[in-house]
Structure formats: structure tokens, C-alpha cells
Amino acid sequence: ETFNMFHTDSDNGNDSSDRNEQHHHPHHPMFVMGMDQWQSLLELSLSIEHPNATNRIWTCGLTDGGLHNMFLSESKMWLFDLGEPNLEPIPAFLTKFLMSFFHTLGMEEDAEGDWVVRFEQDDASGKLRLTERTKELLPRVMEAFNITMDRIIDELFDGEERIRVLLLRYVVTQLISDAAFCIEKWRIKGGGDEQRSEHQYFLEKWLWRALWDVYASEEIRRRYLTRTIFRKQQECRDLGPLGLSLLDSLKE
């Protein structure tokens, strides 16, 4: 593959400046496996020098500012899921809001009040695929997410593009965290235990939501990589023959 998101840098001799430089190198992983992902994420969060990336704001108790916790009218806005007020960096504060663009699809209710299942099984192969309705919604959600992300970067971080990777990594991590939460809920309620789960209604909804979280996180990662590749290709083409040779070297 041209880009391997799960590649772990085996060169431990790089100093901190080299590691910081890797964060915006096209081969640097958006997240990696194991404990390395946390070290990489911390390094990235500390390497961005814009003051709004590190200065803290007072949350006023808004611990989950997701779209699913906001209700709007023509004149008012109601906020739910409040918690203890604290000081928090802006990127961390924005995580639940940005993640909720995808989280709300996992929690959309159908006519019976159950969560909408975003997948269906292919009759021929037996594999899962997105439902037609989800295929229609996802591009619109992605477009709204990207527009919002661009505005945030331009207006809060003065166009500092490195903040994009940090925000995306926070969103991906939050989605995976929600998937773990759903699996734990499924287990606590008796999932996998026939005797304990008999009295539970639609227990598999927690697994469907976890699956959607994982799918959405991978889709964000994939689209970011595609965007990065296209930009790199255009930059190399603009450089002429030299750029094309550089592009070929990236694919090796």
C-alpha cells in the first residue's frame, strides 16, 4: 500500500524535532497500534504551536457538545448532558461535537424507537454492506463535516493545517471509544449469554452501533488518506518530470 496507517516507526534514534516533522509527512500514520498511538498522539498535540491548540477554555459544564445533545428553535438552544465545569484545550473540547456528525447516524431512531441499523446482508455473498439510505446520507454528512472542519481551522486556528490531523485523530479515537462502550453495554446486559439475554429486547443494537462506529472511523481515515494522496499527486505534477519521479518514489 502507498500509505499504511498502522505502520510503526522502528527508528528510535530520531530526536523530538524529527518526530514532530513526521506528523505532517505523508507516510506518517494517522494512528498506530498499541501504546505507540498514545505517544504519537501526545507528541502531535504538543507539537502544534498555535495558542488556541494548547490554551484552555472554561467549558461551563458542557462535557458533551455533540449535535445529539443540542436542540434548536428559532430563538433558543437547549444543551443536554452537562457535567462538571473544567478547563479544557479547544481541540479536546471540539472532539465530541465533531464526532457527533457520525455518532448521530448510529443513534437515529426508527418508527419503533429503536436505533436504525446501518448495514444489511448481501444475499449472494453473505457480507454486510451499507443500506441504501445510509449510502445517501453518508456523503452529505461527510460534506457537512468537512465544511465545519475547514471553518474551525480557518477561524480558530488561522488556517493551521496541522491541527486537522489532530482533530481527526481525536474524532477517530472517540468513535472507537464509543464502540468499546457499546460492546461493554452489550456484555453487561447479557450479550453472548443465552440465559441472561433472553429477557433483553433487541440487545444486538449495541453491536450494530459499535460496528457503525468502527466503520465511520475507518471511512474518515480512508478519505483523509485519499485527500492527502491527491494533493501530493497534484503538487508533484506541478513540479514537472522531477515531481513525477518523486511521486513514483512515494509509491514504492
# chains A, B, ... in the order shown; residues from 1 in each chain; ligands from 1

$ select_by_dssp --residues "region 63-247 of chain A" --states "helix (DSSP H, G or I)" --output "short mmCIF file (atom, residue, chain, number, x, y, z; two decimals) with N, CA, C and O atoms, in the first residue's frame"
data_model
loop_
_atom_site.label_atom_id
_atom_site.label_comp_id
_atom_site.auth_asym_id
_atom_site.auth_seq_id
_atom_site.Cartn_x
_atom_site.Cartn_y
_atom_site.Cartn_z
N LEU A 67 -24.01 17.11 18.47
CA LEU A 67 -25.26 17.53 17.83
C LEU A 67 -26.46 16.84 18.45
O LEU A 67 -27.56 17.40 18.50
N HIS A 68 -26.25 15.61 18.94
CA HIS A 68 -27.36 14.85 19.53
C HIS A 68 -27.76 15.42 20.89
O HIS A 68 -28.80 15.02 21.44
N ASN A 69 -26.94 16.32 21.45
CA ASN A 69 -27.27 16.95 22.73
C ASN A 69 -27.63 18.42 22.57
O ASN A 69 -27.65 19.16 23.55
N ILE A 90 -9.06 23.67 23.42
CA ILE A 90 -10.10 23.78 22.40
C ILE A 90 -10.21 22.52 21.54
O ILE A 90 -11.32 22.04 21.29
N PRO A 91 -9.10 21.93 21.04
CA PRO A 91 -9.25 20.71 20.23
C PRO A 91 -9.97 19.59 20.98
O PRO A 91 -10.82 18.89 20.40
N ALA A 92 -9.66 19.41 22.27
CA ALA A 92 -10.34 18.38 23.05
C ALA A 92 -11.81 18.72 23.24
O ALA A 92 -12.68 17.84 23.17
N PHE A 93 -12.10 19.99 23.48
CA PHE A 93 -13.48 20.43 23.67
C PHE A 93 -14.32 20.18 22.41
O PHE A 93 -15.51 19.87 22.50
N LEU A 94 -13.71 20.31 21.24
CA LEU A 94 -14.43 20.15 19.98
C LEU A 94 -14.62 18.69 19.57
O LEU A 94 -15.37 18.40 18.63
N THR A 95 -13.96 17.77 20.26
CA THR A 95 -13.96 16.37 19.83
C THR A 95 -15.37 15.78 19.76
O THR A 95 -15.77 15.18 18.76
N LYS A 96 -16.14 15.91 20.85
CA LYS A 96 -17.47 15.32 20.88
C LYS A 96 -18.38 15.96 19.81
O LYS A 96 -19.22 15.27 19.21
N PHE A 97 -18.22 17.26 19.59
CA PHE A 97 -19.02 17.93 18.57
C PHE A 97 -18.72 17.37 17.18
O PHE A 97 -19.63 17.00 16.42
N LEU A 98 -17.44 17.26 16.83
CA LEU A 98 -17.07 16.77 15.50
C LEU A 98 -17.42 15.28 15.35
O LEU A 98 -17.88 14.85 14.29
N MET A 99 -17.20 14.52 16.38
CA MET A 99 -17.53 13.09 16.34
C MET A 99 -19.02 12.86 16.15
O MET A 99 -19.46 11.89 15.53
N SER A 100 -19.84 13.79 16.64
CA SER A 100 -21.29 13.59 16.64
C SER A 100 -21.89 13.66 15.24
O SER A 100 -23.03 13.20 15.04
N PHE A 101 -21.19 14.19 14.26
CA PHE A 101 -21.68 14.15 12.88
C PHE A 101 -21.94 12.71 12.45
O PHE A 101 -22.87 12.44 11.70
N PHE A 102 -21.12 11.80 12.92
CA PHE A 102 -21.25 10.38 12.58
C PHE A 102 -22.00 9.62 13.68
O PHE A 102 -22.73 8.68 13.40
N HIS A 103 -21.82 10.07 14.90
CA HIS A 103 -22.46 9.41 16.05
C HIS A 103 -23.98 9.49 15.95
O HIS A 103 -24.68 8.55 16.34
N THR A 104 -24.49 10.60 15.44
CA THR A 104 -25.94 10.76 15.34
C THR A 104 -26.56 9.74 14.39
O THR A 104 -27.71 9.33 14.58
N LEU A 105 -25.82 9.32 13.36
CA LEU A 105 -26.34 8.29 12.46
C LEU A 105 -26.44 6.95 13.18
O LEU A 105 -27.34 6.15 12.89
N GLY A 106 -25.54 6.70 14.10
CA GLY A 106 -25.59 5.45 14.86
C GLY A 106 -26.70 5.45 15.89
O GLY A 106 -27.10 4.38 16.37
N GLU A 132 -29.12 1.36 1.54
CA GLU A 132 -29.22 2.39 0.52
C GLU A 132 -29.42 3.77 1.14
O GLU A 132 -28.86 4.77 0.68
N ARG A 133 -30.19 3.83 2.22
CA ARG A 133 -30.43 5.10 2.89
C ARG A 133 -29.13 5.66 3.48
O ARG A 133 -28.85 6.86 3.38
N THR A 134 -28.31 4.78 4.06
CA THR A 134 -27.04 5.21 4.62
C THR A 134 -26.09 5.67 3.53
O THR A 134 -25.34 6.64 3.70
N LYS A 135 -26.12 5.00 2.37
CA LYS A 135 -25.29 5.42 1.24
C LYS A 135 -25.66 6.83 0.78
O LYS A 135 -24.81 7.58 0.31
N GLU A 136 -26.93 7.16 0.90
CA GLU A 136 -27.37 8.50 0.52
C GLU A 136 -26.95 9.54 1.56
O GLU A 136 -26.56 10.66 1.20
N LEU A 137 -27.02 9.17 2.82
CA LEU A 137 -26.74 10.12 3.89
C LEU A 137 -25.26 10.39 4.10
O LEU A 137 -24.85 11.52 4.39
N LEU A 138 -24.44 9.36 3.99
CA LEU A 138 -23.03 9.48 4.37
C LEU A 138 -22.28 10.57 3.61
O LEU A 138 -21.53 11.34 4.22
N PRO A 139 -22.43 10.68 2.28
CA PRO A 139 -21.72 11.77 1.58
C PRO A 139 -22.14 13.15 2.07
O PRO A 139 -21.31 14.07 2.14
N ARG A 140 -23.41 13.31 2.41
CA ARG A 140 -23.88 14.60 2.91
C ARG A 140 -23.30 14.88 4.29
O ARG A 140 -22.95 16.03 4.62
N VAL A 141 -23.21 13.85 5.12
CA VAL A 141 -22.60 14.00 6.44
C VAL A 141 -21.13 14.37 6.30
O VAL A 141 -20.62 15.26 6.99
N MET A 142 -20.43 13.68 5.39
CA MET A 142 -19.02 13.97 5.16
C MET A 142 -18.82 15.40 4.68
O MET A 142 -17.88 16.09 5.11
N GLU A 143 -19.69 15.85 3.80
CA GLU A 143 -19.58 17.22 3.29
C GLU A 143 -19.77 18.23 4.42
O GLU A 143 -19.00 19.20 4.55
N ALA A 144 -20.79 18.02 5.25
CA ALA A 144 -21.03 18.93 6.38
C ALA A 144 -19.87 18.89 7.36
O ALA A 144 -19.44 19.93 7.89
N PHE A 145 -19.34 17.71 7.60
CA PHE A 145 -18.19 17.55 8.50
C PHE A 145 -16.97 18.30 7.97
O PHE A 145 -16.30 19.02 8.72
N ASN A 146 -16.69 18.16 6.68
CA ASN A 146 -15.52 18.81 6.09
C ASN A 146 -15.66 20.33 6.07
O ASN A 146 -14.69 21.06 6.32
N ILE A 147 -16.86 20.81 5.76
CA ILE A 147 -17.10 22.26 5.76
C ILE A 147 -16.88 22.82 7.17
O ILE A 147 -16.24 23.86 7.36
N THR A 148 -17.43 22.12 8.16
CA THR A 148 -17.28 22.55 9.55
C THR A 148 -15.82 22.52 9.98
O THR A 148 -15.32 23.45 10.63
N MET A 149 -15.12 21.44 9.62
CA MET A 149 -13.71 21.33 9.96
C MET A 149 -12.90 22.47 9.33
O MET A 149 -12.04 23.08 9.99
N ASP A 150 -13.17 22.77 8.07
CA ASP A 150 -12.46 23.87 7.40
C ASP A 150 -12.70 25.21 8.09
O ASP A 150 -11.78 26.01 8.26
N ARG A 151 -13.94 25.46 8.48
CA ARG A 151 -14.27 26.71 9.17
C ARG A 151 -13.56 26.80 10.51
O ARG A 151 -13.04 27.86 10.89
N ILE A 152 -13.55 25.70 11.24
CA ILE A 152 -12.87 25.67 12.54
C ILE A 152 -11.39 25.98 12.38
O ILE A 152 -10.81 26.79 13.12
N ILE A 153 -10.76 25.33 11.41
CA ILE A 153 -9.32 25.54 11.18
C ILE A 153 -9.03 26.97 10.77
O ILE A 153 -8.08 27.60 11.25
N ASP A 154 -9.87 27.52 9.89
CA ASP A 154 -9.65 28.89 9.40
C ASP A 154 -9.90 29.93 10.49
O ASP A 154 -9.13 30.89 10.65
N GLU A 155 -10.98 29.76 11.25
CA GLU A 155 -11.40 30.81 12.16
C GLU A 155 -10.79 30.70 13.56
O GLU A 155 -10.59 31.72 14.23
N LEU A 156 -10.52 29.49 14.01
CA LEU A 156 -9.96 29.32 15.35
C LEU A 156 -8.45 29.12 15.35
O LEU A 156 -7.78 29.43 16.34
N ARG A 162 -1.98 21.65 10.30
CA ARG A 162 -1.57 20.51 11.13
C ARG A 162 -2.61 20.19 12.19
O ARG A 162 -2.65 19.06 12.70
N ILE A 163 -3.46 21.16 12.52
CA ILE A 163 -4.50 20.90 13.51
C ILE A 163 -5.53 19.92 12.96
O ILE A 163 -6.22 19.24 13.74
N ARG A 164 -5.63 19.82 11.64
CA ARG A 164 -6.62 18.91 11.03
C ARG A 164 -6.34 17.47 11.44
O ARG A 164 -7.25 16.72 11.81
N VAL A 165 -5.07 17.06 11.35
CA VAL A 165 -4.72 15.69 11.72
C VAL A 165 -5.03 15.42 13.19
O VAL A 165 -5.55 14.37 13.55
N LEU A 166 -4.73 16.40 14.05
CA LEU A 166 -5.01 16.23 15.47
C LEU A 166 -6.51 16.07 15.72
O LEU A 166 -6.94 15.16 16.45
N LEU A 167 -7.32 16.92 15.11
CA LEU A 167 -8.77 16.83 15.30
C LEU A 167 -9.31 15.51 14.75
O LEU A 167 -10.18 14.88 15.36
N LEU A 168 -8.81 15.09 13.59
CA LEU A 168 -9.26 13.82 13.01
C LEU A 168 -8.88 12.64 13.91
O LEU A 168 -9.66 11.71 14.09
N ARG A 169 -7.69 12.69 14.46
CA ARG A 169 -7.28 11.61 15.35
C ARG A 169 -8.13 11.58 16.61
O ARG A 169 -8.49 10.51 17.12
N TYR A 170 -8.47 12.75 17.13
CA TYR A 170 -9.36 12.80 18.29
C TYR A 170 -10.73 12.21 17.94
O TYR A 170 -11.31 11.45 18.74
N VAL A 171 -11.26 12.55 16.78
CA VAL A 171 -12.57 12.05 16.37
C VAL A 171 -12.54 10.53 16.20
O VAL A 171 -13.43 9.81 16.68
N VAL A 172 -11.51 10.03 15.53
CA VAL A 172 -11.38 8.58 15.33
C VAL A 172 -11.27 7.86 16.67
O VAL A 172 -11.93 6.84 16.90
N THR A 173 -10.46 8.41 17.57
CA THR A 173 -10.30 7.79 18.89
C THR A 173 -11.61 7.80 19.66
O THR A 173 -11.96 6.82 20.34
N GLN A 174 -12.38 8.88 19.55
CA GLN A 174 -13.66 8.96 20.24
C GLN A 174 -14.67 7.96 19.69
O GLN A 174 -15.45 7.36 20.45
N LEU A 175 -14.67 7.76 18.38
CA LEU A 175 -15.56 6.77 17.78
C LEU A 175 -15.21 5.36 18.24
O LEU A 175 -16.10 4.56 18.56
N ILE A 176 -13.92 5.05 18.28
CA ILE A 176 -13.50 3.73 18.76
C ILE A 176 -13.84 3.57 20.24
O ILE A 176 -14.24 2.48 20.69
N SER A 177 -13.72 4.65 21.00
CA SER A 177 -14.09 4.60 22.41
C SER A 177 -15.58 4.31 22.57
O SER A 177 -15.98 3.53 23.46
N ASP A 178 -16.41 4.91 21.72
CA ASP A 178 -17.85 4.65 21.79
C ASP A 178 -18.14 3.21 21.41
O ASP A 178 -19.05 2.58 21.99
N ALA A 179 -17.39 2.66 20.45
CA ALA A 179 -17.58 1.26 20.07
C ALA A 179 -17.28 0.35 21.26
O ALA A 179 -18.01 -0.61 21.52
N ALA A 180 -16.21 0.65 21.98
CA ALA A 180 -15.87 -0.14 23.17
C ALA A 180 -16.96 -0.02 24.23
O ALA A 180 -17.31 -1.01 24.90
N PHE A 181 -17.51 1.19 24.39
CA PHE A 181 -18.60 1.41 25.34
C PHE A 181 -19.82 0.55 24.97
O PHE A 181 -20.45 -0.07 25.84
N CYS A 182 -20.15 0.50 23.68
CA CYS A 182 -21.31 -0.28 23.23
C CYS A 182 -21.11 -1.78 23.47
O CYS A 182 -22.03 -2.48 23.90
N ILE A 183 -19.91 -2.27 23.19
CA ILE A 183 -19.64 -3.70 23.40
C ILE A 183 -19.71 -4.04 24.88
O ILE A 183 -20.22 -5.09 25.28
N GLU A 184 -19.23 -3.14 25.73
CA GLU A 184 -19.30 -3.36 27.17
C GLU A 184 -20.76 -3.36 27.63
O GLU A 184 -21.15 -4.18 28.49
N LYS A 185 -21.57 -2.46 27.08
CA LYS A 185 -23.00 -2.44 27.41
C LYS A 185 -23.67 -3.75 27.01
O LYS A 185 -24.48 -4.32 27.76
N TRP A 186 -23.35 -4.22 25.81
CA TRP A 186 -23.90 -5.48 25.31
C TRP A 186 -23.51 -6.63 26.24
O TRP A 186 -24.34 -7.48 26.57
N ARG A 187 -22.26 -6.64 26.70
CA ARG A 187 -21.79 -7.71 27.58
C ARG A 187 -22.48 -7.65 28.93
O ARG A 187 -22.92 -8.67 29.47
N ILE A 188 -22.58 -6.44 29.52
CA ILE A 188 -23.20 -6.28 30.84
C ILE A 188 -24.66 -6.71 30.82
O ILE A 188 -25.17 -7.30 31.78
N GLU A 194 -26.92 -16.83 26.59
CA GLU A 194 -28.31 -17.08 26.18
C GLU A 194 -29.28 -16.93 27.34
O GLU A 194 -30.38 -16.38 27.18
N GLN A 195 -28.93 -17.39 28.52
CA GLN A 195 -29.85 -17.33 29.65
C GLN A 195 -30.06 -15.89 30.12
O GLN A 195 -31.18 -15.48 30.43
N ARG A 196 -28.99 -15.12 30.18
CA ARG A 196 -29.09 -13.76 30.68
C ARG A 196 -29.72 -12.81 29.66
O ARG A 196 -30.33 -11.80 30.01
N SER A 197 -29.57 -13.12 28.38
CA SER A 197 -30.01 -12.18 27.34
C SER A 197 -31.44 -12.44 26.88
O SER A 197 -31.98 -11.65 26.10
N LYS A 205 -28.58 -4.31 19.15
CA LYS A 205 -28.47 -2.91 18.71
C LYS A 205 -27.13 -2.31 19.14
O LYS A 205 -26.58 -1.46 18.45
N TRP A 206 -26.61 -2.77 20.29
CA TRP A 206 -25.33 -2.26 20.76
C TRP A 206 -24.20 -2.70 19.85
O TRP A 206 -23.24 -1.95 19.63
N LEU A 207 -24.30 -3.90 19.30
CA LEU A 207 -23.28 -4.37 18.37
C LEU A 207 -23.37 -3.66 17.03
O LEU A 207 -22.34 -3.35 16.41
N TRP A 208 -24.59 -3.38 16.57
CA TRP A 208 -24.75 -2.64 15.32
C TRP A 208 -24.17 -1.23 15.45
O TRP A 208 -23.53 -0.72 14.53
N ARG A 209 -24.41 -0.62 16.59
CA ARG A 209 -23.87 0.73 16.79
C ARG A 209 -22.34 0.70 16.88
O ARG A 209 -21.66 1.58 16.34
N ALA A 210 -21.80 -0.31 17.55
CA ALA A 210 -20.34 -0.44 17.63
C ALA A 210 -19.75 -0.64 16.25
O ALA A 210 -18.71 -0.06 15.91
N LEU A 211 -20.41 -1.44 15.43
CA LEU A 211 -19.93 -1.69 14.07
C LEU A 211 -19.95 -0.40 13.25
O LEU A 211 -19.02 -0.11 12.48
N TRP A 212 -20.99 0.40 13.43
CA TRP A 212 -21.07 1.67 12.71
C TRP A 212 -19.94 2.61 13.16
O TRP A 212 -19.33 3.29 12.33
N ASP A 213 -19.64 2.65 14.46
CA ASP A 213 -18.54 3.48 14.96
C ASP A 213 -17.23 3.11 14.28
O ASP A 213 -16.46 3.97 13.86
N VAL A 214 -16.97 1.81 14.21
CA VAL A 214 -15.72 1.34 13.60
C VAL A 214 -15.70 1.68 12.12
O VAL A 214 -14.68 2.14 11.58
N TYR A 215 -16.83 1.46 11.44
CA TYR A 215 -16.90 1.77 10.01
C TYR A 215 -16.67 3.26 9.76
O TYR A 215 -15.90 3.64 8.87
N ALA A 216 -17.31 4.11 10.55
CA ALA A 216 -17.18 5.56 10.36
C ALA A 216 -15.74 6.00 10.61
O ALA A 216 -15.21 6.85 9.87
N SER A 217 -15.10 5.45 11.62
CA SER A 217 -13.72 5.84 11.92
C SER A 217 -12.79 5.44 10.77
O SER A 217 -11.89 6.20 10.39
N GLU A 218 -13.03 4.28 10.19
CA GLU A 218 -12.21 3.84 9.06
C GLU A 218 -12.49 4.68 7.81
O GLU A 218 -11.58 4.97 7.03
N GLU A 219 -13.73 5.09 7.63
CA GLU A 219 -14.09 5.92 6.48
C GLU A 219 -13.42 7.29 6.58
O GLU A 219 -12.95 7.84 5.57
N ILE A 220 -13.37 7.86 7.77
CA ILE A 220 -12.66 9.13 7.98
C ILE A 220 -11.19 8.97 7.63
O ILE A 220 -10.61 9.81 6.92
N ARG A 221 -10.59 7.91 8.12
CA ARG A 221 -9.18 7.65 7.85
C ARG A 221 -8.92 7.47 6.36
O ARG A 221 -8.00 8.06 5.79
N ARG A 222 -9.77 6.69 5.71
CA ARG A 222 -9.59 6.42 4.28
C ARG A 222 -9.71 7.69 3.45
O ARG A 222 -8.91 7.94 2.55
N ARG A 223 -10.71 8.50 3.76
CA ARG A 223 -10.92 9.72 2.98
C ARG A 223 -9.80 10.73 3.21
O ARG A 223 -9.44 11.47 2.30
N TYR A 224 -9.27 10.78 4.43
CA TYR A 224 -8.15 11.67 4.69
C TYR A 224 -6.94 11.25 3.86
O TYR A 224 -6.26 12.08 3.27
N LEU A 225 -6.67 9.95 3.81
CA LEU A 225 -5.55 9.45 3.03
C LEU A 225 -5.74 9.75 1.55
O LEU A 225 -4.80 10.15 0.85
N THR A 226 -6.96 9.55 1.06
CA THR A 226 -7.24 9.83 -0.35
C THR A 226 -7.00 11.30 -0.66
O THR A 226 -6.39 11.64 -1.68
N ARG A 227 -7.45 12.15 0.21
CA ARG A 227 -7.25 13.59 0.03
C ARG A 227 -5.76 13.93 0.03
O ARG A 227 -5.30 14.73 -0.79
N THR A 228 -5.01 13.31 0.93
CA THR A 228 -3.57 13.56 1.00
C THR A 228 -2.87 13.09 -0.26
O THR A 228 -1.99 13.78 -0.80
N ILE A 229 -3.24 11.92 -0.75
CA ILE A 229 -2.62 11.38 -1.96
C ILE A 229 -2.89 12.29 -3.15
O ILE A 229 -1.99 12.61 -3.93
N PHE A 230 -4.14 12.70 -3.33
CA PHE A 230 -4.49 13.56 -4.46
C PHE A 230 -3.72 14.87 -4.41
O PHE A 230 -3.26 15.38 -5.43
N ARG A 231 -3.61 15.45 -3.21
CA ARG A 231 -2.87 16.70 -3.09
C ARG A 231 -1.40 16.50 -3.43
O ARG A 231 -0.78 17.33 -4.10
N LYS A 232 -0.81 15.40 -2.97
CA LYS A 232 0.59 15.13 -3.25
C LYS A 232 0.80 14.89 -4.74
O LYS A 232 1.79 15.35 -5.32
N GLN A 233 -0.15 14.21 -5.38
CA GLN A 233 -0.04 13.98 -6.81
C GLN A 233 -0.07 15.30 -7.58
O GLN A 233 0.70 15.51 -8.51
N GLN A 234 -0.96 16.20 -7.17
CA GLN A 234 -1.06 17.49 -7.85
C GLN A 234 0.21 18.31 -7.65
O GLN A 234 0.71 18.94 -8.59
N GLU A 235 0.76 18.28 -6.43
CA GLU A 235 2.00 19.01 -6.17
C GLU A 235 3.13 18.48 -7.04
O GLU A 235 3.92 19.25 -7.59
N CYS A 236 3.21 17.16 -7.19
CA CYS A 236 4.27 16.57 -7.99
C CYS A 236 4.09 16.88 -9.47
O CYS A 236 5.07 17.12 -10.19
N ARG A 237 2.84 16.87 -9.94
CA ARG A 237 2.61 17.21 -11.34
C ARG A 237 3.01 18.65 -11.63
O ARG A 237 3.53 18.97 -12.71
N ASP A 238 2.77 19.53 -10.67
CA ASP A 238 3.14 20.94 -10.86
C ASP A 238 4.65 21.12 -10.96
O ASP A 238 5.12 22.10 -11.54
N PRO A 241 8.64 16.80 -14.58
CA PRO A 241 9.26 15.46 -14.52
C PRO A 241 9.87 15.13 -13.16
O PRO A 241 9.80 14.01 -12.70
N LEU A 242 10.48 16.14 -12.50
CA LEU A 242 11.06 15.90 -11.20
C LEU A 242 9.99 15.49 -10.19
O LEU A 242 10.17 14.58 -9.40
N GLY A 243 8.84 16.16 -10.25
CA GLY A 243 7.75 15.84 -9.35
C GLY A 243 7.21 14.45 -9.57
O GLY A 243 6.86 13.73 -8.63
N LEU A 244 7.12 14.03 -10.83
CA LEU A 244 6.62 12.69 -11.13
C LEU A 244 7.56 11.62 -10.60
O LEU A 244 7.11 10.57 -10.13
N SER A 245 8.85 11.87 -10.67
CA SER A 245 9.81 10.91 -10.12
C SER A 245 9.68 10.83 -8.59
O SER A 245 9.81 9.76 -8.00
N LEU A 246 9.39 11.98 -7.95
CA LEU A 246 9.17 11.98 -6.50
C LEU A 246 7.91 11.21 -6.15
O LEU A 246 7.86 10.47 -5.16
N LEU A 247 6.86 11.36 -6.97
CA LEU A 247 5.62 10.65 -6.74
C LEU A 247 5.82 9.14 -6.85
O LEU A 247 5.29 8.37 -6.07
#

$ atom_distance --atom1 "CA of Leu62 (chain A)" --atom2 "CA of Phe80 (chain A)"
8.0 Å

$ atom_distance --atom1 "CA of Glu88 (chain A)" --atom2 "CA of Asn52 (chain A)"
10.9 Å

$ atom_distance --atom1 "CA of Ile57 (chain A)" --atom2 "CA of Met107 (chain A)"
28.9 Å

$ select_by_dssp --residues "region 19-175 of chain A" --states "strand (DSSP E)" --output "list in words"
Arg56, Ile57, Trp58, Met70, Phe71, Leu72, Met77, Trp78, Leu79, Leu87, Glu88, Pro89, Phe119, Glu120, Gln121, Leu128, Arg129 and Leu130 of chain A
